[in-house]
>>> print(open('protein_2.txt').read())   # compact mmCIF, C-alpha atoms and all ligand atoms
# COMPACT_ATOMS: atom_id res chain seq x y z
CA MET A 1 39.76 57.46 5.06
CA TRP A 2 42.80 59.56 4.20
CA LYS A 3 42.46 61.02 7.63
CA ASN A 4 42.82 57.79 9.56
CA LEU A 5 45.65 56.18 7.66
CA ALA A 6 48.12 55.24 10.37
CA LEU A 7 51.16 56.14 8.32
CA SER A 8 49.92 58.78 6.03
CA GLN A 9 48.70 61.34 8.48
CA LEU A 10 50.11 64.51 7.13
CA SER A 11 50.21 67.37 9.55
CA SER A 12 48.46 70.50 8.39
CA LYS A 13 51.90 72.10 8.27
CA HIS A 14 53.09 69.49 5.81
CA ARG A 15 49.94 69.92 3.72
CA LYS A 16 50.42 73.69 3.68
CA GLN A 17 54.02 73.21 2.62
CA GLN A 18 52.94 70.85 -0.18
CA ARG A 19 50.35 73.37 -1.37
CA GLN A 20 52.93 76.14 -1.32
CA GLU A 21 55.34 73.98 -3.33
CA ARG A 22 52.58 73.28 -5.80
CA GLU A 23 51.78 76.95 -6.19
CA GLU A 24 55.44 77.84 -6.61
CA THR A 25 55.87 75.22 -9.33
CA ALA A 26 52.56 75.55 -11.14
CA PRO A 27 53.21 78.90 -12.86
CA LYS A 28 56.01 77.27 -14.86
CA LEU A 29 53.39 75.27 -16.70
CA ALA A 30 51.70 76.58 -19.81
CA LEU A 31 48.14 76.18 -18.60
CA ASP A 32 46.78 76.23 -22.16
CA ARG A 33 48.91 73.21 -23.11
CA LEU A 34 48.12 70.83 -20.31
CA PRO A 35 47.36 67.22 -21.22
CA LYS A 36 43.67 66.42 -21.56
CA HIS A 37 44.18 62.94 -20.22
CA VAL A 38 46.86 61.71 -17.82
CA ALA A 39 47.19 58.06 -16.84
CA VAL A 40 49.18 56.75 -13.89
CA ILE A 41 50.77 53.38 -13.17
CA MET A 42 51.06 53.57 -9.40
CA ASP A 43 54.03 51.27 -8.94
CA GLY A 44 56.34 50.85 -5.96
CA ASN A 45 53.87 50.57 -3.07
CA GLY A 46 55.19 47.20 -1.94
CA ARG A 47 58.86 48.17 -2.15
CA TRP A 48 58.18 51.46 -0.37
CA ALA A 49 56.73 49.51 2.56
CA GLU A 50 59.36 46.75 2.55
CA ALA A 51 62.14 49.34 2.65
CA ARG A 52 60.61 50.59 5.90
CA GLY A 53 60.13 47.16 7.44
CA LEU A 54 56.36 47.48 7.02
CA PRO A 55 53.86 45.09 5.51
CA ARG A 56 53.30 45.70 1.78
CA THR A 57 49.72 46.62 2.54
CA GLU A 58 50.89 49.81 4.26
CA GLY A 59 52.42 50.83 0.94
CA HIS A 60 49.03 50.46 -0.73
CA ARG A 61 47.39 52.51 2.03
CA GLN A 62 49.90 55.27 1.57
CA GLY A 63 49.42 54.91 -2.20
CA VAL A 64 45.77 55.77 -1.82
CA HIS A 65 46.77 58.98 -0.12
CA THR A 66 49.06 59.83 -3.05
CA LEU A 67 46.27 59.15 -5.53
CA ARG A 68 43.94 61.44 -3.59
CA GLU A 69 46.49 64.24 -3.82
CA ILE A 70 46.95 63.72 -7.56
CA VAL A 71 43.18 63.74 -8.09
CA ARG A 72 43.01 67.04 -6.22
CA THR A 73 45.88 68.47 -8.27
CA CYS A 74 44.25 67.46 -11.57
CA GLY A 75 41.07 69.18 -10.41
CA GLU A 76 42.95 72.34 -9.49
CA LEU A 77 44.79 72.45 -12.80
CA GLY A 78 41.70 71.61 -14.85
CA ILE A 79 43.00 68.38 -16.37
CA PRO A 80 39.76 66.73 -17.53
CA VAL A 81 40.62 62.99 -17.41
CA LEU A 82 42.80 60.95 -15.06
CA THR A 83 43.09 57.17 -15.35
CA ALA A 84 44.62 55.24 -12.45
CA TYR A 85 45.79 51.63 -12.69
CA CYS A 86 44.45 50.22 -9.42
CA PHE A 87 44.38 46.49 -10.05
CA SER A 88 45.30 44.54 -13.18
CA THR A 89 43.90 41.26 -14.48
CA GLU A 90 47.34 39.81 -13.59
CA ASN A 91 47.19 41.09 -9.99
CA TRP A 92 44.73 38.29 -9.11
CA GLN A 93 47.82 36.06 -9.03
CA ARG A 94 49.25 37.87 -6.00
CA PRO A 95 49.06 36.18 -2.58
CA GLN A 96 45.44 35.87 -1.46
CA ASP A 97 46.01 38.12 1.57
CA GLU A 98 47.22 40.99 -0.59
CA VAL A 99 44.40 40.56 -3.11
CA SER A 100 41.82 40.60 -0.29
CA PHE A 101 43.44 43.63 1.25
CA LEU A 102 43.37 45.54 -2.04
CA MET A 103 39.70 44.65 -2.57
CA GLU A 104 38.83 45.87 0.94
CA LEU A 105 40.86 49.01 0.35
CA ILE A 106 39.00 49.82 -2.86
CA LEU A 107 35.70 49.25 -1.05
CA GLU A 108 36.76 51.44 1.87
CA VAL A 109 37.94 54.28 -0.37
CA MET A 110 34.75 54.17 -2.41
CA GLU A 111 32.75 54.52 0.83
CA THR A 112 34.77 57.06 2.72
CA GLU A 113 35.84 59.34 -0.11
CA LEU A 114 32.63 59.38 -2.06
CA ASP A 115 31.25 62.60 -0.57
CA SER A 116 34.42 64.62 -0.93
CA LEU A 117 35.04 63.40 -4.48
CA LYS A 118 31.46 64.24 -5.30
CA ASN A 119 31.89 67.73 -3.89
CA GLU A 120 35.02 68.24 -5.96
CA GLY A 121 33.05 67.45 -9.13
CA VAL A 122 34.85 64.16 -9.73
CA ARG A 123 33.08 61.60 -11.87
CA ILE A 124 34.19 58.09 -10.94
CA VAL A 125 34.21 55.60 -13.78
CA PRO A 126 35.42 52.04 -13.10
CA ILE A 127 37.06 50.43 -16.12
CA GLY A 128 37.86 46.74 -16.29
CA ARG A 129 36.14 43.36 -15.92
CA LEU A 130 34.02 44.26 -12.92
CA THR A 131 32.36 40.83 -12.90
CA ASP A 132 35.66 39.54 -11.40
CA LEU A 133 35.16 41.62 -8.25
CA PRO A 134 33.60 40.37 -5.02
CA ASP A 135 29.92 41.40 -5.05
CA ARG A 136 30.27 43.95 -2.20
CA VAL A 137 33.14 45.69 -3.95
CA ARG A 138 31.48 45.70 -7.32
CA THR A 139 28.23 47.08 -5.88
CA GLN A 140 30.03 49.89 -4.08
CA VAL A 141 32.15 50.82 -7.09
CA GLU A 142 29.05 50.89 -9.30
CA ARG A 143 27.23 52.96 -6.68
CA ALA A 144 30.09 55.50 -6.64
CA ALA A 145 29.86 55.69 -10.43
CA GLU A 146 26.11 56.25 -10.37
CA LEU A 147 26.24 58.90 -7.66
CA THR A 148 28.93 60.88 -9.45
CA ALA A 149 27.66 60.36 -13.01
CA SER A 150 26.65 63.99 -13.52
CA ASN A 151 29.97 65.45 -12.28
CA ARG A 152 32.07 67.21 -14.89
CA ALA A 153 35.19 68.70 -13.27
CA LEU A 154 37.35 65.57 -13.56
CA LYS A 155 36.64 62.14 -14.98
CA LEU A 156 38.49 59.63 -12.84
CA ASN A 157 38.79 56.26 -14.57
CA LEU A 158 39.68 53.62 -12.01
CA ALA A 159 41.18 50.62 -13.79
CA ILE A 160 40.17 47.65 -11.66
CA SER A 161 40.65 44.09 -12.88
CA TYR A 162 41.81 45.84 -16.01
CA GLY A 163 43.90 44.42 -18.84
CA GLY A 164 44.68 46.23 -22.08
CA ARG A 165 44.54 43.10 -24.20
CA LEU A 166 41.32 42.02 -22.53
CA GLU A 167 39.84 45.43 -23.28
CA ILE A 168 40.64 45.10 -27.00
CA VAL A 169 39.27 41.54 -27.13
CA ASN A 170 36.15 42.79 -25.38
CA ALA A 171 35.72 45.57 -27.95
CA VAL A 172 36.08 43.10 -30.84
CA ASN A 173 33.48 40.79 -29.26
CA LEU A 174 31.04 43.66 -28.82
CA LEU A 175 31.43 44.45 -32.51
CA LEU A 176 30.97 40.78 -33.45
CA GLN A 177 27.81 40.69 -31.38
CA ARG A 178 26.40 43.69 -33.21
CA ALA A 179 27.30 42.12 -36.55
CA ALA A 180 25.61 38.87 -35.47
CA ASN A 181 22.50 40.91 -34.71
CA GLY A 182 22.41 41.94 -38.35
CA GLU A 183 24.04 45.38 -38.15
CA LYS A 184 26.22 46.36 -41.08
CA LEU A 185 29.50 47.41 -39.52
CA VAL A 186 32.75 48.88 -40.66
CA VAL A 187 35.47 47.65 -38.32
CA ASP A 188 37.98 50.43 -38.37
CA GLU A 189 40.06 52.19 -35.70
CA ALA A 190 37.17 54.45 -34.72
CA ALA A 191 34.86 51.44 -34.28
CA ILE A 192 37.35 49.67 -31.98
CA ALA A 193 37.99 52.86 -29.98
CA ALA A 194 34.25 53.38 -29.55
CA HIS A 195 33.95 49.98 -27.86
CA LEU A 196 36.80 50.33 -25.41
CA TYR A 197 36.11 51.10 -21.74
CA THR A 198 37.44 54.60 -22.38
CA ALA A 199 35.11 55.32 -25.33
CA GLY A 200 34.61 59.04 -25.68
CA ASP A 201 37.77 59.99 -23.74
CA PRO A 202 40.70 61.58 -25.50
CA ASP A 203 43.64 59.16 -25.68
CA PRO A 204 46.09 59.69 -22.81
CA ASP A 205 48.58 62.40 -23.69
CA LEU A 206 50.84 61.41 -20.83
CA ILE A 207 51.35 58.12 -19.01
CA ILE A 208 53.33 58.32 -15.78
CA ARG A 209 54.88 55.24 -14.21
CA THR A 210 56.49 55.48 -10.80
CA GLY A 211 58.66 52.84 -9.10
CA GLY A 212 61.55 52.60 -11.54
CA GLU A 213 60.23 50.07 -14.07
CA ARG A 214 59.99 51.12 -17.70
CA ARG A 215 57.09 49.24 -19.21
CA LEU A 216 53.35 49.54 -19.76
CA SER A 217 52.33 46.25 -18.12
CA ASN A 218 49.19 45.76 -20.20
CA PHE A 219 47.88 49.27 -19.46
CA LEU A 220 45.89 51.21 -22.08
CA LEU A 221 47.62 49.38 -24.92
CA TRP A 222 45.37 50.75 -27.66
CA GLN A 223 45.06 54.23 -26.25
CA ALA A 224 48.80 54.62 -25.58
CA ALA A 225 49.68 54.72 -29.30
CA TYR A 226 50.94 58.32 -29.15
CA ALA A 227 51.13 58.91 -25.42
CA GLU A 228 54.22 60.52 -23.99
CA LEU A 229 55.73 58.12 -21.46
CA TYR A 230 57.23 59.44 -18.24
CA PHE A 231 59.12 57.12 -15.95
CA THR A 232 60.40 58.02 -12.52
CA ASP A 233 62.28 56.05 -9.86
CA ILE A 234 60.16 57.65 -7.14
CA MET A 235 57.95 55.07 -5.42
CA TRP A 236 54.25 55.87 -5.73
CA PRO A 237 53.73 56.55 -1.98
CA ASP A 238 56.46 59.21 -2.18
CA PHE A 239 55.14 60.80 -5.39
CA THR A 240 53.92 64.30 -4.56
CA PRO A 241 51.89 66.89 -6.46
CA LYS A 242 55.19 68.64 -7.02
CA ASP A 243 56.53 65.53 -8.76
CA PHE A 244 53.34 65.39 -10.80
CA VAL A 245 53.84 68.98 -11.90
CA ALA A 246 57.44 68.13 -12.84
CA ALA A 247 56.08 65.35 -15.08
CA LEU A 248 53.67 67.82 -16.68
CA ALA A 249 56.52 70.27 -17.26
CA GLU A 250 58.59 67.52 -18.91
CA TYR A 251 55.56 66.64 -21.06
CA GLN A 252 55.38 70.24 -22.22
CA ARG A 253 59.01 70.12 -23.30
CA ARG A 254 58.39 67.12 -25.57
CA ASP A 255 58.01 67.58 -29.32
CA ARG A 256 54.85 65.63 -30.16
CA ARG A 257 54.92 64.83 -33.86
CA PHE A 258 52.34 62.04 -34.25
CA GLY A 259 54.38 60.65 -37.17
CA ARG A 260 54.66 64.03 -38.87
CA ILE A 261 57.73 66.24 -38.88
CA SER A 262 58.28 68.84 -36.23
CA GLN A 263 56.11 71.92 -36.59
CA ARG A 264 59.19 73.93 -35.75
CA ARG A 265 61.05 72.44 -38.73
CA GLU A 266 58.03 72.97 -40.98
CA LEU A 267 58.19 76.70 -40.23
CA ASP A 268 61.92 76.94 -41.07
C1 LIG B 301 51.57 48.56 -7.59
O1 LIG B 301 52.54 48.53 -6.57
C2 LIG B 301 50.28 48.97 -7.03
C3 LIG B 301 49.17 48.20 -7.00
C4 LIG B 301 49.11 46.84 -7.57
C5 LIG B 301 47.94 48.66 -6.36
C6 LIG B 301 47.66 50.14 -6.43
C7 LIG B 301 46.39 50.41 -5.78
C8 LIG B 301 46.12 51.45 -5.00
C9 LIG B 301 47.09 52.52 -4.70
C10 LIG B 301 44.75 51.50 -4.41
C11 LIG B 301 43.95 52.48 -5.21
C12 LIG B 301 42.53 52.17 -5.12
C13 LIG B 301 41.55 53.08 -5.21
C14 LIG B 301 40.23 52.72 -5.71
C15 LIG B 301 41.74 54.48 -4.86
P1 LIG B 301 53.27 47.16 -6.25
O2 LIG B 301 52.56 46.47 -5.14
O3 LIG B 301 53.40 46.35 -7.50
O4 LIG B 301 54.65 47.66 -5.77
P2 LIG B 301 56.03 46.89 -5.88
O5 LIG B 301 56.39 46.86 -7.34
O6 LIG B 301 56.94 47.75 -5.09
O7 LIG B 301 55.84 45.53 -5.30
>>> encode(input="protein_2.txt", output="structure tokens", more="lines below")
Ligand code: FPP
Amino acid sequence: MWKNLALSQLSSKHRKQQRQEREETAPKLALDRLPKHVAVIMDGNGRWAEARGLPRTEGHRQGVHTLREIVRTCGELGIPVLTAYCFSTENWQRPQDEVSFLMELILEVMETELDSLKNEGVRIVPIGRLTDLPDRVRTQVERAAELTASNRALKLNLAISYGGRLEIVNAVNLLLQRAANGEKLVVDEAAIAAHLYTAGDPDPDLIIRTGGERRLSNFLLWQAAYAELYFTDIMWPDFTPKDFVAALAEYQRRDRRFGRISQRRELD
């Protein structure tokens, strides 16, 4: 579908230029210290479109193109997990037209991009309350997950009808259910983590939010405990692989202490 987006048709020259920029920037990264899990809050689609006198939906279409580029970049760099916030539990309160458009868009992307994602070794994993989705969308998303289940290059968690609080409540209920079935359980941090949608994934090292706002908006609340947060005013449709690499470079400059003192100070 990336190819027939009215507004997002990038000429091959532009693509080549983007690739060149990526290659020029990439060597500045320490490839052995890349995050194992990056999560993105793809904000600013609506404002990007409105600023151009376009319907908000065009911003979402262009946003899909951006996400595709970031998926490709993660694959090239060898980042093993990417989580993208596609639709929150709160987004159901948007105007019906926009909600329907986003559902159709997810369906369309899952159909048209499946083969190429599969060929790139991407494993698609939907996370969220999928029972909220229209049947056609849910079926297609689950089909994409099944058909890519054995892929190992990049795990792409698509947060759809996702809420961080809901996810924690869900985990607690799963544990309660097991206890009710007579299992002896210790409810500790590991037990909760093992019942989240992201069970088995490393926690996100880096969470990027585009679009100028500086909040998490109910995204990966448990998992974000020690994530580095990166906020940029760039609207998601304008966010390029080069901007992504800049976020990774900033991440590598951070001193991650996890409540301890700096390793550098320890050595002094
Ligand atoms: C936030 O921008 C973005 C969303 C609510 C939707 C993002 C979804 C996509 C890019 C589609 C991805 C889907 C798949 C499966 C690839 P906003 O509308 O809140 O922007 P605004 O703050 O400028 O209004």
>>> residues_near_point(input="protein_2.txt", point="(50.8, 49.9, -20.3)", cutoff="9 Å", atoms="only C-alpha atoms", output="PyMOL selection string")
chain A and resi 41+163-164+207+215-221+224
>>> write_last_selection(input="protein_2.txt", atoms="C-alpha atoms", output="PDB file, keeping the file's coordinate frame")
ATOM      1  CA  ILE A  41      50.770  53.380 -13.170  1.00  0.00           C
ATOM      2  CA  GLY A 163      43.900  44.420 -18.840  1.00  0.00           C
ATOM      3  CA  GLY A 164      44.680  46.230 -22.080  1.00  0.00           C
ATOM      4  CA  ILE A 207      51.350  58.120 -19.010  1.00  0.00           C
ATOM      5  CA  ARG A 215      57.090  49.240 -19.210  1.00  0.00           C
ATOM      6  CA  LEU A 216      53.350  49.540 -19.760  1.00  0.00           C
ATOM      7  CA  SER A 217      52.330  46.250 -18.120  1.00  0.00           C
ATOM      8  CA  ASN A 218      49.190  45.760 -20.200  1.00  0.00           C
ATOM      9  CA  PHE A 219      47.880  49.270 -19.460  1.00  0.00           C
ATOM     10  CA  LEU A 220      45.890  51.210 -22.080  1.00  0.00           C
ATOM     11  CA  LEU A 221      47.620  49.380 -24.920  1.00  0.00           C
ATOM     12  CA  ALA A 224      48.800  54.620 -25.580  1.00  0.00           C
TER      13      ALA A 224
END
>>> closest_atom_pairs(input="protein_2.txt", of="segment 170-268 of chain A", to="segment 123-141 of chain A", cutoff="12 Å", atoms="only C-alpha atoms", output="CSV")
residue,atom,partner,partner_atom,distance
A:Asn170,CA,A:Arg129,CA,9.5
A:Ala171,CA,A:Gly128,CA,11.9
A:Leu196,CA,A:Ile127,CA,9.3
A:Tyr197,CA,A:Ile127,CA,5.7
A:Thr198,CA,A:Ile127,CA,7.5
A:Ala199,CA,A:Ile127,CA,10.6
A:Asp201,CA,A:Val125,CA,11.5
A:Phe219,CA,A:Gly128,CA,10.8
A:Leu220,CA,A:Ile127,CA,10.7
>>> closest_residue(input="protein_2.txt", among="A:Glu189, A:Glu90, A:Glu146, A:Glu167", to="ligand LIG 301 (chain B)", atoms="only C-alpha atoms and all ligand atoms")
A:Glu90
>>> residues_near_ligand(input="protein_2.txt", ligand="ligand LIG 301 (chain B)", cutoff="8 Å", atoms="all atoms listed in the file", output="JSON, numbers by chain")
{"A": [41, 42, 43, 44, 45, 46, 47, 48, 49, 56, 59, 60, 61, 62, 63, 64, 65, 66, 67, 68, 84, 85, 86, 87, 88, 91, 102, 105, 106, 107, 109, 110, 158, 160, 211, 235, 236]}
>>> write_last_selection(input="protein_2.txt", atoms="C-alpha atoms", output="PDB file, in the coordinates of the input")
ATOM      1  CA  ILE A  41      50.770  53.380 -13.170  1.00  0.00           C
ATOM      2  CA  MET A  42      51.060  53.570  -9.400  1.00  0.00           C
ATOM      3  CA  ASP A  43      54.030  51.270  -8.940  1.00  0.00           C
ATOM      4  CA  GLY A  44      56.340  50.850  -5.960  1.00  0.00           C
ATOM      5  CA  ASN A  45      53.870  50.570  -3.070  1.00  0.00           C
ATOM      6  CA  GLY A  46      55.190  47.200  -1.940  1.00  0.00           C
ATOM      7  CA  ARG A  47      58.860  48.170  -2.150  1.00  0.00           C
ATOM      8  CA  TRP A  48      58.180  51.460  -0.370  1.00  0.00           C
ATOM      9  CA  ALA A  49      56.730  49.510   2.560  1.00  0.00           C
ATOM     10  CA  ARG A  56      53.300  45.700   1.780  1.00  0.00           C
ATOM     11  CA  GLY A  59      52.420  50.830   0.940  1.00  0.00           C
ATOM     12  CA  HIS A  60      49.030  50.460  -0.730  1.00  0.00           C
ATOM     13  CA  ARG A  61      47.390  52.510   2.030  1.00  0.00           C
ATOM     14  CA  GLN A  62      49.900  55.270   1.570  1.00  0.00           C
ATOM     15  CA  GLY A  63      49.420  54.910  -2.200  1.00  0.00           C
ATOM     16  CA  VAL A  64      45.770  55.770  -1.820  1.00  0.00           C
ATOM     17  CA  HIS A  65      46.770  58.980  -0.120  1.00  0.00           C
ATOM     18  CA  THR A  66      49.060  59.830  -3.050  1.00  0.00           C
ATOM     19  CA  LEU A  67      46.270  59.150  -5.530  1.00  0.00           C
ATOM     20  CA  ARG A  68      43.940  61.440  -3.590  1.00  0.00           C
ATOM     21  CA  ALA A  84      44.620  55.240 -12.450  1.00  0.00           C
ATOM     22  CA  TYR A  85      45.790  51.630 -12.690  1.00  0.00           C
ATOM     23  CA  CYS A  86      44.450  50.220  -9.420  1.00  0.00           C
ATOM     24  CA  PHE A  87      44.380  46.490 -10.050  1.00  0.00           C
ATOM     25  CA  SER A  88      45.300  44.540 -13.180  1.00  0.00           C
ATOM     26  CA  ASN A  91      47.190  41.090  -9.990  1.00  0.00           C
ATOM     27  CA  LEU A 102      43.370  45.540  -2.040  1.00  0.00           C
ATOM     28  CA  LEU A 105      40.860  49.010   0.350  1.00  0.00           C
ATOM     29  CA  ILE A 106      39.000  49.820  -2.860  1.00  0.00           C
ATOM     30  CA  LEU A 107      35.700  49.250  -1.050  1.00  0.00           C
ATOM     31  CA  VAL A 109      37.940  54.280  -0.370  1.00  0.00           C
ATOM     32  CA  MET A 110      34.750  54.170  -2.410  1.00  0.00           C
ATOM     33  CA  LEU A 158      39.680  53.620 -12.010  1.00  0.00           C
ATOM     34  CA  ILE A 160      40.170  47.650 -11.660  1.00  0.00           C
ATOM     35  CA  GLY A 211      58.660  52.840  -9.100  1.00  0.00           C
ATOM     36  CA  MET A 235      57.950  55.070  -5.420  1.00  0.00           C
ATOM     37  CA  TRP A 236      54.250  55.870  -5.730  1.00  0.00           C
TER      38      TRP A 236
END
>>> closest_residue(input="protein_2.txt", among="A:Asp32, A:Asp97, A:Glu69, A:Val40", to="Pro55 of chain A", atoms="all atoms listed in the file")
A:Asp97
>>> atom_distance(input="protein_2.txt", atom1="atom CA of Glu228 of chain A", atom2="atom CA of Leu117 of chain A")
27.5 Å
>>> decode(input="protein_2.txt", residues="segment 177-196 of chain A", atoms="N, CA and C atoms", output="PDB file, in the first residue's frame")
ATOM      1  N   GLN A 177      -7.254 -15.826  38.015  1.00  0.00           N
ATOM      2  CA  GLN A 177      -7.879 -17.003  37.420  1.00  0.00           C
ATOM      3  C   GLN A 177      -7.081 -18.265  37.729  1.00  0.00           C
ATOM      4  N   ARG A 178      -5.785 -18.159  37.604  1.00  0.00           N
ATOM      5  CA  ARG A 178      -4.914 -19.306  37.890  1.00  0.00           C
ATOM      6  C   ARG A 178      -5.014 -19.699  39.367  1.00  0.00           C
ATOM      7  N   ALA A 179      -5.054 -18.679  40.218  1.00  0.00           N
ATOM      8  CA  ALA A 179      -5.183 -18.960  41.664  1.00  0.00           C
ATOM      9  C   ALA A 179      -6.525 -19.644  41.935  1.00  0.00           C
ATOM     10  N   ALA A 180      -7.574 -19.158  41.267  1.00  0.00           N
ATOM     11  CA  ALA A 180      -8.911 -19.745  41.463  1.00  0.00           C
ATOM     12  C   ALA A 180      -8.944 -21.193  40.987  1.00  0.00           C
ATOM     13  N   ASN A 181      -8.072 -21.513  40.045  1.00  0.00           N
ATOM     14  CA  ASN A 181      -7.993 -22.899  39.564  1.00  0.00           C
ATOM     15  C   ASN A 181      -7.124 -23.775  40.465  1.00  0.00           C
ATOM     16  N   GLY A 182      -6.707 -23.213  41.583  1.00  0.00           N
ATOM     17  CA  GLY A 182      -6.011 -24.021  42.583  1.00  0.00           C
ATOM     18  C   GLY A 182      -4.492 -23.948  42.513  1.00  0.00           C
ATOM     19  N   GLU A 183      -3.963 -23.134  41.597  1.00  0.00           N
ATOM     20  CA  GLU A 183      -2.494 -23.024  41.521  1.00  0.00           C
ATOM     21  C   GLU A 183      -1.977 -22.192  42.694  1.00  0.00           C
ATOM     22  N   LYS A 184      -0.845 -22.623  43.220  1.00  0.00           N
ATOM     23  CA  LYS A 184      -0.206 -21.802  44.272  1.00  0.00           C
ATOM     24  C   LYS A 184       0.661 -20.778  43.554  1.00  0.00           C
ATOM     25  N   LEU A 185       0.391 -19.502  43.781  1.00  0.00           N
ATOM     26  CA  LEU A 185       1.108 -18.477  43.018  1.00  0.00           C
ATOM     27  C   LEU A 185       1.808 -17.486  43.925  1.00  0.00           C
ATOM     28  N   VAL A 186       2.967 -17.055  43.486  1.00  0.00           N
ATOM     29  CA  VAL A 186       3.583 -15.905  44.131  1.00  0.00           C
ATOM     30  C   VAL A 186       3.340 -14.727  43.191  1.00  0.00           C
ATOM     31  N   VAL A 187       2.666 -13.700  43.678  1.00  0.00           N
ATOM     32  CA  VAL A 187       2.426 -12.537  42.817  1.00  0.00           C
ATOM     33  C   VAL A 187       3.529 -11.514  43.068  1.00  0.00           C
ATOM     34  N   ASP A 188       4.526 -11.596  42.245  1.00  0.00           N
ATOM     35  CA  ASP A 188       5.625 -10.636  42.352  1.00  0.00           C
ATOM     36  C   ASP A 188       5.778  -9.926  41.000  1.00  0.00           C
ATOM     37  N   GLU A 189       6.824  -9.111  40.876  1.00  0.00           N
ATOM     38  CA  GLU A 189       6.985  -8.338  39.636  1.00  0.00           C
ATOM     39  C   GLU A 189       7.125  -9.260  38.425  1.00  0.00           C
ATOM     40  N   ALA A 190       7.878 -10.343  38.623  1.00  0.00           N
ATOM     41  CA  ALA A 190       8.094 -11.262  37.493  1.00  0.00           C
ATOM     42  C   ALA A 190       6.771 -11.896  37.050  1.00  0.00           C
ATOM     43  N   ALA A 191       5.905 -12.199  38.039  1.00  0.00           N
ATOM     44  CA  ALA A 191       4.620 -12.836  37.701  1.00  0.00           C
ATOM     45  C   ALA A 191       3.746 -11.870  36.899  1.00  0.00           C
ATOM     46  N   ILE A 192       3.720 -10.602  37.327  1.00  0.00           N
ATOM     47  CA  ILE A 192       2.918  -9.613  36.569  1.00  0.00           C
ATOM     48  C   ILE A 192       3.492  -9.481  35.159  1.00  0.00           C
ATOM     49  N   ALA A 193       4.814  -9.298  35.079  1.00  0.00           N
ATOM     50  CA  ALA A 193       5.445  -9.091  33.758  1.00  0.00           C
ATOM     51  C   ALA A 193       5.158 -10.261  32.825  1.00  0.00           C
ATOM     52  N   ALA A 194       5.108 -11.458  33.391  1.00  0.00           N
ATOM     53  CA  ALA A 194       4.905 -12.654  32.565  1.00  0.00           C
ATOM     54  C   ALA A 194       3.473 -12.759  32.039  1.00  0.00           C
ATOM     55  N   HIS A 195       2.574 -11.906  32.559  1.00  0.00           N
ATOM     56  CA  HIS A 195       1.186 -11.954  32.085  1.00  0.00           C
ATOM     57  C   HIS A 195       0.787 -10.692  31.314  1.00  0.00           C
ATOM     58  N   LEU A 196       1.775  -9.871  31.010  1.00  0.00           N
ATOM     59  CA  LEU A 196       1.497  -8.708  30.160  1.00  0.00           C
ATOM     60  C   LEU A 196       1.487  -9.162  28.704  1.00  0.00           C
TER      61      LEU A 196
END
